[in-house]
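S.K.: Handing you a structure now.
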Amino acid sequence: MFTNLVFIILFMIGFYALVMKTNLIKNVIGLNLMEAAVFFWVISFSDIGGEVAIHKMGEEMTKFNDPVPQALTLTGIVIGASTAALLLTLIIELNKFSGTIDREKIEGLND
Amino acid sequence: MSWMNIELILLIVLPAGLAVIMYFSSAFNQRARNSLAVVGAGVELYLVFSLFIFNFEAVKNSDFFLQSTMGYSDSPFVINFAMDNLSLLFSLIVTAVVFLIVIFSTQYIRDKENRYFALFFLVLASIQGSILTADLFTLYLFIEAITIFTTPLISFNKTEKTTRAAMQYLFYGITGGVFFFISIILIYFNLGTLKMAAVAENFGLISTPMQLTIIIFFLLAVLIKLGIFPIHFWLPRAHSACPAPISALLSGVLLKVYLYIFMRLFWTMIAFDFLVELHLSAFVLDLALVSSLIGHVFALQADELKKMLAYSSIGHIGMILAVLMLNTEAAFYGGLLHIIAHMLMKSGLFLSSGYLLRTTLSHHIDDLKGIGHKNRLVFISFIIICLGTIGMPPLIGFVSKWFVLLAFLEARHYFGAFVVGAGSIIALIYYLRYISQAYETVKTESKTLREELISLKAFFKSTNIMKNVIYLFTLLIIFFGLSYKIFEMPINTAIFELLNPQKYIELVLGG
């Protein structure tokens, strides 16, 4: 229940920064927060208090955490990092052309 | 594994490998690079076409199925690629159109940019991957890959406008991706599997509110990527900012790939009955029809040629999505035929607009004066393709729109039929606006039609590949319009696949 609450609050903060803020870098931060919230939620859900799922020779594992959500989250983090890098590159380029990173002031972005 | 199963993986690996070579292609000269690109795309086309030809009997009897699995086959989490008739149809038409676009861009992209073809082939690899995959997480990866690789292509000519468009495209693309991720995670927590076939078998076991959440997140993700009405404004900007071949790729090919993913998700994986039960199908149908009307109306006020074409794309995609939501055999026939027709026509239009706009000052309508006198035959091809999009009888656009209209009438959905008709009439107006502008008289020493026809005689000698590709598109549109029956067999088998998802599920789980 607590993790659900944290997820919702983080996601909403991210969504707020993405939609309401006019600073483009803050928008990127908001997007990353949204992604981070989802990953946090996935990891906390898959944790059932068991062992780390690493297979050891000759040992029986009775209770272990599902490794698949962890793998999905790792991949998701990689994608998130690459898209954030790409977005920031584009913002730098845009800053060179228009001299501002404010969404409202860049012509034609918000009409 | 037999050769055909390896071919499935080769379809994805070959373009990706080519992309790596292309990235280092500044080492060899431009001619070698261009021929390598064309040969690579040609081999890709040959691979798909050989799958079609060698399995012709199987395709005809709708029992064609191929799959290849990587990883430990006994665990439920393996990378799994599968091809049935539906994916074969899409793979085939996508590769054919991409092949023509590659030929066009060898001449369009003149400078020694090695980035262009590298990214282009990466996009092709991700498209093939997202068509062939039978696993939800791999599908998510390939969709994200498409978004990431197309973004630098949109901002290929570095100006303020293109950078802006690319950034907006990426923002919406990622947001769609996050929704998709949430949805597949919910599926995993509820069912413990990510194989599409296994999900399809057990989807009914999930509780109804959770089903609704999953379906809504999937719908949000795909509708954002398709540019359906409330979230459509990134599409015309992104599709008009990039170089012409990339516009053709995005508008002509990529939107259809998202439609394919939509069909895979909502007919094979989540049975369509769930959408009907939750009252979502009627909602999506109306949304798509409104989006179609709005796309056509906005195209009326677009003052740039490529922007007008992109808005018209929104109109057509809305129409196709609406007709698919009817969920009848006639609707699938019309929808799939219009997917093929629109793919050919929109690619042709964007490519010819790229050729025409090279000599003008800007893309604005006022600068297009006399453009029809300067490039006569190309502009005549442009008009023919325009007529195809409007729906003139001998062209393929007419045939497909006719079947869409019939499907709407058969389902007694008169608003849909009205949108198809109204869209055609509005399209006629906005195309005429540009065509009349293009034939405004300006003083130029123009070639006569006769001279142009003589120059056509040197068809194969001439070095102008771009013109030839545009003529080829025009001829294809006329030819397929006259003999649209060629598509009847592949489309009917694809419809069989959509109506009987049980076959796909059993074959994926069984092998």
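As shown in the structure tokens, the chain order sets the letters A, B, ...; within each chain, residues go from 1, and ligands are also counted from 1 in the order they appear.
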Determine, counting only C-alpha atoms, which protein, DNA and RNA residues have an atom within 8 Å of an atom of range 18-28 of chain A; residues of the same chain fewer than 6 positions away are not included. Present the result as a PyMOL selection string.

M.R.: chain A and resi 84+87-88+91+101-104

S.K.: At a cut-off of 8 Å, using only C-alpha atoms, what residues contact range 315-326 of chain B? Leave out same-chain residues fewer than 4 positions from it and give the result as a ChimeraX atom specification.

M.R.: /B:226,228,255,259,281-282,284-286,288-296,311,331-332,334-335,338-339,342,404,407-408,411,416,419-420,423

S.K.: For chain B, report every residue with an atom at most 8 Å from chain A (counting only C-alpha atoms), formatted as a list in words.

M.R.: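 Taken together, these residues fit the definition: Phe137, Glu144, Ile148, Thr159, Glu160, Thr163, Arg164, Ala166, Met167, Gln168, Leu170, Phe171, Ile174, Thr175, Val178, Ile182 and Ile185 of chain B.
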
S.K.: Looking at only C-alpha atoms, which of B:Val276, B:Ala330, B:Leu100, B:Ile396 is the one that sits closest to Val469 in chain B?

M.R.: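 Checking each candidate against Val469 in chain B, we get B:Leu100 as the closest.
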
S.K.: Take CA of Ser126 in chain B and CA of Ala16 in chain B and report the distance between them in Å, one decimal.

M.R.: 8.4 Å

S.K.: For CA of Phe403 in chain B and CA of Tyr484 in chain B, determine how far apart the two atoms are, in Å to one decimal place.

M.R.: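 Interatomic distance here is 11.5 Å.
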
S.K.: CA of Leu344 in chain B and CA of Ser424 in chain B, how far apart in Å?

M.R.: 17.5 Å

S.K.: Give me the residues within 12 Å of Phe217 in chain B as an NGL selection string, counting only C-alpha atoms and dropping any in the same chain fewer than 5 places off.

M.R.: :B and (175-187 or 210-212 or 222-224 or 265)

S.K.: Just the selected residues (C-alpha atoms), exported as a compact mmCIF listing (two decimals), in the first residue's frame, please.

M.R.:
# COMPACT_ATOMS: atom_id res chain seq x y z
CA THR B 175 5.15 9.08 -23.27
CA GLY B 176 3.46 6.45 -25.43
CA GLY B 177 6.27 4.06 -24.60
CA VAL B 178 5.79 4.56 -20.84
CA PHE B 179 2.09 3.71 -21.20
CA PHE B 180 3.00 0.60 -23.17
CA PHE B 181 5.50 -0.44 -20.48
CA ILE B 182 2.91 -0.03 -17.70
CA SER B 183 0.50 -2.18 -19.67
CA ILE B 184 2.89 -5.07 -20.27
CA ILE B 185 4.04 -4.97 -16.64
CA LEU B 186 0.41 -5.24 -15.52
CA ILE B 187 -0.02 -8.23 -17.83
CA MET B 210 -7.67 -4.81 -14.51
CA GLN B 211 -8.59 -5.78 -18.09
CA LEU B 212 -9.96 -2.30 -18.58
CA VAL B 222 -0.95 3.05 -29.84
CA LEU B 223 -3.30 5.99 -30.45
CA ILE B 224 -0.52 8.45 -29.52
CA LEU B 265 -2.64 -6.52 -29.93

S.K.: From a DSSP pass on the backbone, collect the residues of range 1-106 of chain A flagged as alpha helix (DSSP H) and hand them back as a ChimeraX atom specification.

M.R.: /A:2-19,24-46,67-98

S.K.: Counting only C-alpha atoms, which residue out of B:Leu275, B:Ala118, B:Asp303, B:Thr328 sits closest to Ser362 in chain B?

M.R.: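 Smallest separation from Ser362 in chain B among the options: B:Asp303.
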
S.K.: Excluding Leu507 in chain B and its own-chain neighbours fewer than 4 positions away, which residues fall within 10 Å of it when counting only C-alpha atoms? Please give them as a PyMOL selection string.

M.R.: chain B and resi 65-67+82+84+197+502-503+511

S.K.: Could you give me, as a count of residues only, the residues within 10 Å of Gly49 in chain A, counting only C-alpha atoms and dropping anything in the same chain fewer than 3 positions from it?

M.R.: 5

S.K.: Would you kindly return, as a PDB file with C-alpha atoms, in the first residue's frame, each protein, DNA or RNA residue with an atom no farther than 10 Å from any atom of Ala238 in chain B, considering only C-alpha atoms and excluding same-chain residues fewer than 4 positions away?

M.R.:
ATOM      1  CA  THR B 151      14.246  11.164 -34.204  1.00  0.00           C
ATOM      2  CA  ILE B 154      13.647  14.035 -38.510  1.00  0.00           C
ATOM      3  CA  SER B 155      16.211  16.612 -37.424  1.00  0.00           C
ATOM      4  CA  LYS B 161      12.048  23.950 -37.271  1.00  0.00           C
ATOM      5  CA  THR B 162      13.294  20.389 -37.638  1.00  0.00           C
ATOM      6  CA  THR B 163      14.876  20.321 -34.169  1.00  0.00           C
ATOM      7  CA  ARG B 164      11.611  21.534 -32.678  1.00  0.00           C
ATOM      8  CA  ALA B 165       9.613  18.918 -34.542  1.00  0.00           C
ATOM      9  CA  ALA B 166      12.008  16.126 -33.583  1.00  0.00           C
ATOM     10  CA  MET B 167      11.887  17.094 -29.917  1.00  0.00           C
ATOM     11  CA  GLN B 168       8.115  17.124 -29.850  1.00  0.00           C
ATOM     12  CA  TYR B 169       8.009  13.781 -31.672  1.00  0.00           C
ATOM     13  CA  LEU B 170      10.377  12.248 -29.124  1.00  0.00           C
ATOM     14  CA  PHE B 233      -0.520  17.854 -33.506  1.00  0.00           C
ATOM     15  CA  TRP B 234       3.003  16.454 -33.313  1.00  0.00           C
ATOM     16  CA  CYS B 242      12.255  15.731 -42.314  1.00  0.00           C
ATOM     17  CA  SER B 247       8.537  11.678 -44.711  1.00  0.00           C
ATOM     18  CA  LEU B 250       7.142   7.865 -41.546  1.00  0.00           C
ATOM     19  CA  SER B 251       3.833   8.652 -43.188  1.00  0.00           C
ATOM     20  CA  LYS B 307       2.154  19.710 -43.997  1.00  0.00           C
ATOM     21  CA  ALA B 310       0.723  14.938 -43.421  1.00  0.00           C
TER      22      ALA B 310
END

S.K.: Name all residues at most 8 Å from Thr3 in chain A (count only C-alpha atoms; drop same-chain ones fewer than 2 positions away) and give them as a ChimeraX atom specification.

M.R.: /A:1,5-7,41,44

S.K.: My list of candidates is A:Gly50, A:Gly14, A:Gly99, A:Pro67. Which is closest to Ala37 in chain A when distances are computed with only C-alpha atoms?

M.R.: A:Gly14

S.K.: Given the choices B:Tyr431, B:Phe64, B:Phe189, B:Tyr333, which gets closest to Lys401 in chain B if the distance is worked out from only C-alpha atoms?

M.R.: B:Tyr333
